[in-house]
Amino acid sequence: MAERKPIESWLTDMDGVLIHEGVPIPGAAEFIKRLRESGKPFLVLTNNSIYTPRDLQARLARMGLDVPVDNIWTSALATAKFLDDQRPGGTAYVIGEAGMTTALHDIGYILTDHEPDYVVLGETRTYSFEALTRAIRLINGGARFICTNPDETGPSTEGPLPATGAVAALITKATGKAPYFAGKPNPLMMRTGLNAIGAHSETSAMIGDRMDTDVLAGLEAGMETFLVLTGVTTPNDVDRYPFRPSRIVDSIADLIDRV
């Protein structure tokens with residue numbers, strides 16, 4: 001195997017890598033501090049489309065993690081970038097929260113339930129049966145189906161919650177139309193993120209806690225990949241996949257000296 005070039009930029013997942021259930025993971029603040037002091041380009045990524053980057057900056061700051069707004073990349077931003085490239089100035093019917101609607105407003109999209117170009121499904125705290133029915137009818141009427149991410153469940157203190165991927169499956173079953181997923185593991189999210197910070201995959205690394213999204217997306221985007229064991233994937237899970245990360249570490253603390 002050819003030796004990789006030195007890492008000049010870093011992408012890291014948020015939940016399970018930097019924080020867990022609203023609490024910073026030991027080493028996360030030091031890792032972010034080291035990144036900022038190094039001057040190397042970096043992004044904190046999340047498949048969750050509920051919050052805007054400004055919201056997430058404030059939430060992370062309350063946990064002692066100092067991440068600038070411009071260094072946060074969400075599946076909502078990746079989705080908006082994709083739609084702006086595909087059909088600039090289009091229209092969309094959105095099921096989601098401020099993170100998704102703000103991202104679409106920022107690219108000049110009109111949000112409507114009258115013959116939209118797209119139905120965009122994102123994460124929300126409450127999925128309305130009325131909204132899902134409307135989405136199904138619009139897709140059956142010709143709207144293209146876009147989804148921020150394929151995650152079927154999300155974490156909570158009470159246990160797993162149904163997430164965007166599970167709701168997308170409901171809509172697909174009702175319409176026969178599968179969505180285009182813009183977030184991880186689609187390498188599109190990684191490539192658009194890299195472009196946003198002027199980085200190149202050959203000299204970039206992706207840190208994640210999930211084999212099926214973080215590691216897969218980083219691998220397919222051509223990046224070095226690090227799996228941390230502070231989130232979803234356990235050591236016993238790794239061998240179930242037909243691919244491997246470049247390296248497995250216990251936590252983000254083990255990567256501070258790599259920056």
# chains A, B, ... in the order shown; residues from 1 in each chain; ligands from 1
call {"tool": "select_by_dssp", "arguments": {"residues": "stretch 81-168 of chain A", "states": "strand (DSSP E or B)", "output": "list in words"}}
result
Thr91, Ala92, Tyr93, Val94, Ile95, Ile110, Leu111, Tyr118, Val119, Val120, Leu121, Arg144, Phe145, Ile146, Cys147, Thr153, Gly154, Leu161 and Pro162 of chain A
call {"tool": "write_last_selection", "arguments": {"atoms": "all heavy atoms", "output": "compact mmCIF listing (two decimals), in the first residue's frame"}}
result
# COMPACT_ATOMS: atom_id res chain seq x y z
N THR A 91 -37.69 25.44 -6.09
CA THR A 91 -38.72 25.45 -5.05
C THR A 91 -38.73 24.10 -4.33
O THR A 91 -38.38 23.06 -4.93
CB THR A 91 -40.11 25.73 -5.63
OG1 THR A 91 -40.43 24.71 -6.60
CG2 THR A 91 -40.16 27.08 -6.30
N ALA A 92 -39.13 24.10 -3.08
CA ALA A 92 -39.12 22.87 -2.30
C ALA A 92 -40.20 22.88 -1.24
O ALA A 92 -40.53 23.92 -0.66
CB ALA A 92 -37.75 22.66 -1.64
N TYR A 93 -40.76 21.69 -1.01
CA TYR A 93 -41.62 21.46 0.15
C TYR A 93 -40.75 20.76 1.18
O TYR A 93 -40.16 19.72 0.90
CB TYR A 93 -42.81 20.58 -0.22
CG TYR A 93 -43.69 20.21 0.96
CD1 TYR A 93 -44.49 21.18 1.57
CD2 TYR A 93 -43.70 18.91 1.46
CE1 TYR A 93 -45.28 20.86 2.65
CE2 TYR A 93 -44.50 18.58 2.55
CZ TYR A 93 -45.29 19.56 3.14
OH TYR A 93 -46.08 19.25 4.22
N VAL A 94 -40.62 21.35 2.36
CA VAL A 94 -39.66 20.87 3.36
C VAL A 94 -40.36 20.31 4.59
O VAL A 94 -41.27 20.95 5.13
CB VAL A 94 -38.72 22.01 3.79
CG1 VAL A 94 -37.76 21.52 4.88
CG2 VAL A 94 -37.93 22.53 2.61
N ILE A 95 -39.94 19.13 4.98
CA ILE A 95 -40.28 18.60 6.30
C ILE A 95 -38.98 18.65 7.09
O ILE A 95 -38.03 17.92 6.80
CB ILE A 95 -40.81 17.16 6.23
CG1 ILE A 95 -42.11 17.12 5.42
CG2 ILE A 95 -41.03 16.61 7.63
CD1 ILE A 95 -42.65 15.71 5.21
N ILE A 110 -37.40 28.95 -2.78
CA ILE A 110 -38.74 29.28 -2.29
C ILE A 110 -39.34 28.01 -1.71
O ILE A 110 -39.33 26.95 -2.34
CB ILE A 110 -39.63 29.82 -3.43
CG1 ILE A 110 -39.09 31.17 -3.92
CG2 ILE A 110 -41.08 29.96 -2.97
CD1 ILE A 110 -39.76 31.68 -5.17
N LEU A 111 -39.86 28.12 -0.49
CA LEU A 111 -40.48 26.98 0.18
C LEU A 111 -41.99 27.04 -0.05
O LEU A 111 -42.64 28.04 0.28
CB LEU A 111 -40.17 27.00 1.68
CG LEU A 111 -38.67 27.08 2.04
CD1 LEU A 111 -38.48 26.91 3.53
CD2 LEU A 111 -37.85 26.09 1.25
N TYR A 118 -38.90 19.98 -5.58
CA TYR A 118 -38.39 18.92 -4.70
C TYR A 118 -39.23 18.81 -3.43
O TYR A 118 -39.79 19.80 -2.95
CB TYR A 118 -36.95 19.22 -4.25
CG TYR A 118 -35.95 19.30 -5.37
CD1 TYR A 118 -35.56 20.53 -5.90
CD2 TYR A 118 -35.36 18.14 -5.88
CE1 TYR A 118 -34.63 20.60 -6.93
CE2 TYR A 118 -34.43 18.21 -6.91
CZ TYR A 118 -34.07 19.44 -7.42
OH TYR A 118 -33.16 19.51 -8.44
N VAL A 119 -39.31 17.60 -2.91
CA VAL A 119 -39.70 17.37 -1.53
C VAL A 119 -38.42 17.06 -0.77
O VAL A 119 -37.67 16.14 -1.15
CB VAL A 119 -40.70 16.20 -1.39
CG1 VAL A 119 -40.83 15.78 0.07
CG2 VAL A 119 -42.07 16.60 -1.93
N VAL A 120 -38.14 17.85 0.26
CA VAL A 120 -36.90 17.68 1.03
C VAL A 120 -37.26 17.22 2.44
O VAL A 120 -37.95 17.93 3.18
CB VAL A 120 -36.09 18.99 1.09
CG1 VAL A 120 -34.82 18.79 1.91
CG2 VAL A 120 -35.75 19.47 -0.31
N LEU A 121 -36.79 16.04 2.79
CA LEU A 121 -37.05 15.48 4.11
C LEU A 121 -35.81 15.61 4.98
O LEU A 121 -34.73 15.14 4.61
CB LEU A 121 -37.42 14.00 3.99
CG LEU A 121 -37.62 13.23 5.30
CD1 LEU A 121 -38.83 13.75 6.07
CD2 LEU A 121 -37.76 11.73 5.02
N ARG A 144 -39.36 15.74 -7.04
CA ARG A 144 -38.21 14.85 -6.80
C ARG A 144 -37.98 14.73 -5.30
O ARG A 144 -38.08 15.73 -4.57
CB ARG A 144 -36.97 15.39 -7.50
CG ARG A 144 -37.13 15.47 -9.02
CD ARG A 144 -36.14 16.47 -9.63
NE ARG A 144 -36.35 16.64 -11.05
CZ ARG A 144 -37.24 17.47 -11.58
NH1 ARG A 144 -38.05 18.19 -10.81
NH2 ARG A 144 -37.35 17.58 -12.89
N PHE A 145 -37.63 13.55 -4.85
CA PHE A 145 -37.52 13.24 -3.42
C PHE A 145 -36.06 13.31 -2.97
O PHE A 145 -35.22 12.55 -3.45
CB PHE A 145 -38.12 11.86 -3.17
CG PHE A 145 -38.21 11.43 -1.73
CD1 PHE A 145 -38.15 12.35 -0.69
CD2 PHE A 145 -38.38 10.09 -1.42
CE1 PHE A 145 -38.24 11.94 0.64
CE2 PHE A 145 -38.48 9.66 -0.10
CZ PHE A 145 -38.40 10.59 0.92
N ILE A 146 -35.77 14.23 -2.05
CA ILE A 146 -34.43 14.41 -1.50
C ILE A 146 -34.50 14.24 0.01
O ILE A 146 -35.43 14.71 0.66
CB ILE A 146 -33.90 15.84 -1.81
CG1 ILE A 146 -33.92 16.13 -3.31
CG2 ILE A 146 -32.49 16.02 -1.23
CD1 ILE A 146 -32.96 15.31 -4.13
N CYS A 147 -33.48 13.57 0.57
CA CYS A 147 -33.43 13.37 2.01
C CYS A 147 -32.05 13.76 2.52
O CYS A 147 -31.05 13.48 1.86
CB CYS A 147 -33.74 11.91 2.34
SG CYS A 147 -33.94 11.57 4.09
N THR A 153 -32.00 5.61 12.94
CA THR A 153 -32.27 5.94 14.33
C THR A 153 -31.29 7.01 14.80
O THR A 153 -30.21 7.19 14.22
CB THR A 153 -32.13 4.72 15.26
OG1 THR A 153 -30.79 4.22 15.19
CG2 THR A 153 -33.12 3.63 14.89
N GLY A 154 -31.69 7.71 15.85
CA GLY A 154 -30.82 8.70 16.48
C GLY A 154 -30.77 8.45 17.96
O GLY A 154 -31.65 7.78 18.52
N LEU A 161 -34.19 6.75 18.83
CA LEU A 161 -35.38 7.39 18.28
C LEU A 161 -35.42 7.16 16.78
O LEU A 161 -34.36 7.13 16.13
CB LEU A 161 -35.34 8.90 18.54
CG LEU A 161 -35.37 9.39 19.98
CD1 LEU A 161 -35.11 10.89 20.01
CD2 LEU A 161 -36.71 9.07 20.61
N PRO A 162 -36.60 6.98 16.18
CA PRO A 162 -36.66 6.89 14.72
C PRO A 162 -36.17 8.19 14.10
O PRO A 162 -36.49 9.28 14.59
CB PRO A 162 -38.15 6.64 14.44
CG PRO A 162 -38.87 7.09 15.66
CD PRO A 162 -37.93 6.88 16.80
call {"tool": "select_by_dssp", "arguments": {"residues": "stretch 90-135 of chain A", "states": "helix (DSSP H, G or I)", "output": "number ranges by chain"}}
result
A: 98-106, 129-135
call {"tool": "write_last_selection", "arguments": {"atoms": "N, CA and C atoms", "output": "PDB file, in the first residue's frame"}}
result
ATOM      1  N   ALA A  98     -35.287  24.451  11.490  1.00  0.00           N
ATOM      2  CA  ALA A  98     -34.619  25.670  11.045  1.00  0.00           C
ATOM      3  C   ALA A  98     -33.312  25.398  10.299  1.00  0.00           C
ATOM      4  N   GLY A  99     -32.593  24.348  10.693  1.00  0.00           N
ATOM      5  CA  GLY A  99     -31.339  24.054  10.002  1.00  0.00           C
ATOM      6  C   GLY A  99     -31.544  23.848   8.511  1.00  0.00           C
ATOM      7  N   MET A 100     -32.620  23.148   8.156  1.00  0.00           N
ATOM      8  CA  MET A 100     -32.908  22.867   6.746  1.00  0.00           C
ATOM      9  C   MET A 100     -33.536  24.063   6.043  1.00  0.00           C
ATOM     10  N   THR A 101     -34.540  24.672   6.656  1.00  0.00           N
ATOM     11  CA  THR A 101     -35.223  25.789   5.999  1.00  0.00           C
ATOM     12  C   THR A 101     -34.292  26.990   5.824  1.00  0.00           C
ATOM     13  N   THR A 102     -33.442  27.240   6.814  1.00  0.00           N
ATOM     14  CA  THR A 102     -32.497  28.364   6.699  1.00  0.00           C
ATOM     15  C   THR A 102     -31.492  28.115   5.586  1.00  0.00           C
ATOM     16  N   ALA A 103     -30.990  26.895   5.491  1.00  0.00           N
ATOM     17  CA  ALA A 103     -30.014  26.568   4.435  1.00  0.00           C
ATOM     18  C   ALA A 103     -30.617  26.776   3.052  1.00  0.00           C
ATOM     19  N   LEU A 104     -31.893  26.410   2.874  1.00  0.00           N
ATOM     20  CA  LEU A 104     -32.544  26.594   1.573  1.00  0.00           C
ATOM     21  C   LEU A 104     -32.860  28.060   1.306  1.00  0.00           C
ATOM     22  N   HIS A 105     -33.285  28.799   2.325  1.00  0.00           N
ATOM     23  CA  HIS A 105     -33.505  30.243   2.153  1.00  0.00           C
ATOM     24  C   HIS A 105     -32.212  30.929   1.729  1.00  0.00           C
ATOM     25  N   ASP A 106     -31.092  30.505   2.318  1.00  0.00           N
ATOM     26  CA  ASP A 106     -29.807  31.147   2.036  1.00  0.00           C
ATOM     27  C   ASP A 106     -29.344  30.950   0.597  1.00  0.00           C
ATOM     28  N   PHE A 129     -48.202  13.627  10.573  1.00  0.00           N
ATOM     29  CA  PHE A 129     -48.842  12.735   9.611  1.00  0.00           C
ATOM     30  C   PHE A 129     -49.389  13.542   8.431  1.00  0.00           C
ATOM     31  N   GLU A 130     -49.900  14.726   8.719  1.00  0.00           N
ATOM     32  CA  GLU A 130     -50.426  15.597   7.654  1.00  0.00           C
ATOM     33  C   GLU A 130     -49.312  16.005   6.691  1.00  0.00           C
ATOM     34  N   ALA A 131     -48.139  16.372   7.236  1.00  0.00           N
ATOM     35  CA  ALA A 131     -47.018  16.774   6.391  1.00  0.00           C
ATOM     36  C   ALA A 131     -46.504  15.603   5.559  1.00  0.00           C
ATOM     37  N   LEU A 132     -46.445  14.414   6.155  1.00  0.00           N
ATOM     38  CA  LEU A 132     -45.989  13.238   5.414  1.00  0.00           C
ATOM     39  C   LEU A 132     -46.970  12.892   4.296  1.00  0.00           C
ATOM     40  N   THR A 133     -48.258  13.014   4.574  1.00  0.00           N
ATOM     41  CA  THR A 133     -49.272  12.758   3.540  1.00  0.00           C
ATOM     42  C   THR A 133     -49.101  13.739   2.385  1.00  0.00           C
ATOM     43  N   ARG A 134     -48.865  15.007   2.723  1.00  0.00           N
ATOM     44  CA  ARG A 134     -48.658  16.025   1.680  1.00  0.00           C
ATOM     45  C   ARG A 134     -47.412  15.701   0.850  1.00  0.00           C
ATOM     46  N   ALA A 135     -46.349  15.287   1.526  1.00  0.00           N
ATOM     47  CA  ALA A 135     -45.113  14.944   0.818  1.00  0.00           C
ATOM     48  C   ALA A 135     -45.341  13.789  -0.145  1.00  0.00           C
TER      49      ALA A 135
END
call {"tool": "atom_distance", "arguments": {"atom1": "atom CA of A:Pro179", "atom2": "atom CA of A:Gly159"}}
result
26.6 Å
call {"tool": "residues_around", "arguments": {"residues": "A:Gly198", "least_positions_apart": "2", "cutoff": "12 Å", "atoms": "only C-alpha atoms", "output": "list of chain:residue names"}}
result
A:Glu8, A:Ser9, A:Trp10, A:Lys40, A:Pro41, A:Phe42, A:Leu43, A:Asn71, A:Arg191, A:Thr192, A:Gly193, A:Leu194, A:Asn195, A:Ala196, A:His200, A:Ser201, A:Thr203, A:Ser204
call {"tool": "atom_distance", "arguments": {"atom1": "atom CA of A:Asp239", "atom2": "atom CA of A:Asn48"}}
result
26.8 Å
call {"tool": "atom_distance", "arguments": {"atom1": "atom CA of A:Asn140", "atom2": "atom CA of A:Glu115"}}
result
11.0 Å
call {"tool": "residues_around", "arguments": {"residues": "stretch 242-246 of chain A", "least_positions_apart": "6", "cutoff": "12 Å", "atoms": "only C-alpha atoms", "output": "PyMOL selection string"}}
result
chain A and resi 1+3-4+205-220+222-228+233+235
call {"tool": "closest_atom_pairs", "arguments": {"of": "stretch 39-61 of chain A", "to": "stretch 78-89 of chain A", "cutoff": "12 Å", "atoms": "only C-alpha atoms", "output": "Markdown table"}}
result
| residue | atom | partner | partner_atom | distance |
| --- | --- | --- | --- | --- |
| A:Leu45 | CA | A:Ala78 | CA | 10.2 |
| A:Thr46 | CA | A:Ala78 | CA | 10.3 |
| A:Asn47 | CA | A:Ala78 | CA | 9.5 |
| A:Asn48 | CA | A:Ala78 | CA | 11.3 |
| A:Ser49 | CA | A:Thr79 | CA | 9.4 |
call {"tool": "residues_around", "arguments": {"residues": "A:Leu65", "least_positions_apart": "6", "cutoff": "9 Å", "atoms": "only C-alpha atoms", "output": "list in words"}}
result
Leu18, Pro24, Ala28, Ala29, Glu30, Ile32, Lys33, Gln57 and Arg59 of chain A
call {"tool": "write_last_selection", "arguments": {"atoms": "N, CA and C atoms", "output": "PDB file, in the first residue's frame"}}
result
ATOM      1  N   LEU A  18     -16.936  14.058  19.477  1.00  0.00           N
ATOM      2  CA  LEU A  18     -16.645  15.226  20.315  1.00  0.00           C
ATOM      3  C   LEU A  18     -17.554  15.307  21.537  1.00  0.00           C
ATOM      4  N   PRO A  24     -19.244  16.800  26.639  1.00  0.00           N
ATOM      5  CA  PRO A  24     -18.026  16.653  25.826  1.00  0.00           C
ATOM      6  C   PRO A  24     -17.253  15.399  26.190  1.00  0.00           C
ATOM      7  N   ALA A  28     -11.832  16.245  23.699  1.00  0.00           N
ATOM      8  CA  ALA A  28     -12.440  16.964  22.572  1.00  0.00           C
ATOM      9  C   ALA A  28     -12.050  18.441  22.565  1.00  0.00           C
ATOM     10  N   ALA A  29     -12.116  19.098  23.717  1.00  0.00           N
ATOM     11  CA  ALA A  29     -11.785  20.523  23.778  1.00  0.00           C
ATOM     12  C   ALA A  29     -10.317  20.746  23.413  1.00  0.00           C
ATOM     13  N   GLU A  30      -9.446  19.859  23.895  1.00  0.00           N
ATOM     14  CA  GLU A  30      -8.018  19.977  23.584  1.00  0.00           C
ATOM     15  C   GLU A  30      -7.756  19.743  22.101  1.00  0.00           C
ATOM     16  N   ILE A  32      -9.870  20.334  19.548  1.00  0.00           N
ATOM     17  CA  ILE A  32     -10.317  21.521  18.816  1.00  0.00           C
ATOM     18  C   ILE A  32      -9.338  22.676  19.017  1.00  0.00           C
ATOM     19  N   LYS A  33      -8.868  22.845  20.245  1.00  0.00           N
ATOM     20  CA  LYS A  33      -7.904  23.915  20.537  1.00  0.00           C
ATOM     21  C   LYS A  33      -6.627  23.724  19.723  1.00  0.00           C
ATOM     22  N   GLN A  57     -22.909  26.129  17.015  1.00  0.00           N
ATOM     23  CA  GLN A  57     -21.779  26.821  17.631  1.00  0.00           C
ATOM     24  C   GLN A  57     -22.102  27.175  19.084  1.00  0.00           C
ATOM     25  N   ARG A  59     -24.379  25.750  21.052  1.00  0.00           N
ATOM     26  CA  ARG A  59     -24.515  24.538  21.856  1.00  0.00           C
ATOM     27  C   ARG A  59     -23.141  23.986  22.232  1.00  0.00           C
TER      28      ARG A  59
END
call {"tool": "closest_residue", "arguments": {"among": "A:Asn149, A:Ser251, A:Thr157, A:Thr172", "to": "A:Thr74", "atoms": "only C-alpha atoms"}}
result
A:Asn149
call {"tool": "decode", "arguments": {"residues": "stretch 237-248 of chain A", "atoms": "N, CA, C and O atoms", "output": "PDB file, in the first residue's frame"}}
result
ATOM      1  N   ASP A 237     -17.837  -4.897  16.154  1.00  0.00           N
ATOM      2  CA  ASP A 237     -18.620  -4.562  14.966  1.00  0.00           C
ATOM      3  C   ASP A 237     -17.757  -4.441  13.713  1.00  0.00           C
ATOM      4  O   ASP A 237     -18.237  -4.660  12.598  1.00  0.00           O
ATOM      5  N   VAL A 238     -16.509  -4.067  13.894  1.00  0.00           N
ATOM      6  CA  VAL A 238     -15.668  -3.689  12.754  1.00  0.00           C
ATOM      7  C   VAL A 238     -15.552  -4.794  11.717  1.00  0.00           C
ATOM      8  O   VAL A 238     -15.663  -4.556  10.506  1.00  0.00           O
ATOM      9  N   ASP A 239     -15.363  -6.023  12.167  1.00  0.00           N
ATOM     10  CA  ASP A 239     -15.141  -7.133  11.238  1.00  0.00           C
ATOM     11  C   ASP A 239     -16.404  -7.528  10.468  1.00  0.00           C
ATOM     12  O   ASP A 239     -16.331  -8.342   9.540  1.00  0.00           O
ATOM     13  N   ARG A 240     -17.544  -6.963  10.824  1.00  0.00           N
ATOM     14  CA  ARG A 240     -18.771  -7.258  10.082  1.00  0.00           C
ATOM     15  C   ARG A 240     -18.830  -6.508   8.753  1.00  0.00           C
ATOM     16  O   ARG A 240     -19.653  -6.812   7.907  1.00  0.00           O
ATOM     17  N   TYR A 241     -17.946  -5.536   8.595  1.00  0.00           N
ATOM     18  CA  TYR A 241     -17.971  -4.707   7.387  1.00  0.00           C
ATOM     19  C   TYR A 241     -16.893  -5.164   6.402  1.00  0.00           C
ATOM     20  O   TYR A 241     -15.817  -5.617   6.823  1.00  0.00           O
ATOM     21  N   PRO A 242     -17.156  -4.996   5.101  1.00  0.00           N
ATOM     22  CA  PRO A 242     -16.172  -5.416   4.103  1.00  0.00           C
ATOM     23  C   PRO A 242     -15.092  -4.362   3.848  1.00  0.00           C
ATOM     24  O   PRO A 242     -14.351  -4.444   2.888  1.00  0.00           O
ATOM     25  N   PHE A 243     -15.015  -3.371   4.713  1.00  0.00           N
ATOM     26  CA  PHE A 243     -13.991  -2.339   4.607  1.00  0.00           C
ATOM     27  C   PHE A 243     -13.525  -2.020   6.028  1.00  0.00           C
ATOM     28  O   PHE A 243     -14.193  -2.363   7.004  1.00  0.00           O
ATOM     29  N   ARG A 244     -12.373  -1.368   6.118  1.00  0.00           N
ATOM     30  CA  ARG A 244     -11.818  -1.037   7.430  1.00  0.00           C
ATOM     31  C   ARG A 244     -11.360   0.412   7.458  1.00  0.00           C
ATOM     32  O   ARG A 244     -10.999   0.974   6.415  1.00  0.00           O
ATOM     33  N   PRO A 245     -11.337   1.015   8.646  1.00  0.00           N
ATOM     34  CA  PRO A 245     -10.751   2.355   8.756  1.00  0.00           C
ATOM     35  C   PRO A 245      -9.239   2.269   8.637  1.00  0.00           C
ATOM     36  O   PRO A 245      -8.657   1.186   8.797  1.00  0.00           O
ATOM     37  N   SER A 246      -8.607   3.391   8.371  1.00  0.00           N
ATOM     38  CA  SER A 246      -7.147   3.402   8.338  1.00  0.00           C
ATOM     39  C   SER A 246      -6.579   3.036   9.696  1.00  0.00           C
ATOM     40  O   SER A 246      -5.556   2.355   9.806  1.00  0.00           O
ATOM     41  N   ARG A 247      -7.298   3.501  10.756  1.00  0.00           N
ATOM     42  CA  ARG A 247      -6.814   3.230  12.110  1.00  0.00           C
ATOM     43  C   ARG A 247      -7.967   3.292  13.088  1.00  0.00           C
ATOM     44  O   ARG A 247      -8.920   4.062  12.899  1.00  0.00           O
ATOM     45  N   ILE A 248      -7.908   2.479  14.136  1.00  0.00           N
ATOM     46  CA  ILE A 248      -8.897   2.491  15.213  1.00  0.00           C
ATOM     47  C   ILE A 248      -8.219   3.011  16.477  1.00  0.00           C
ATOM     48  O   ILE A 248      -7.129   2.545  16.840  1.00  0.00           O
TER      49      ILE A 248
END
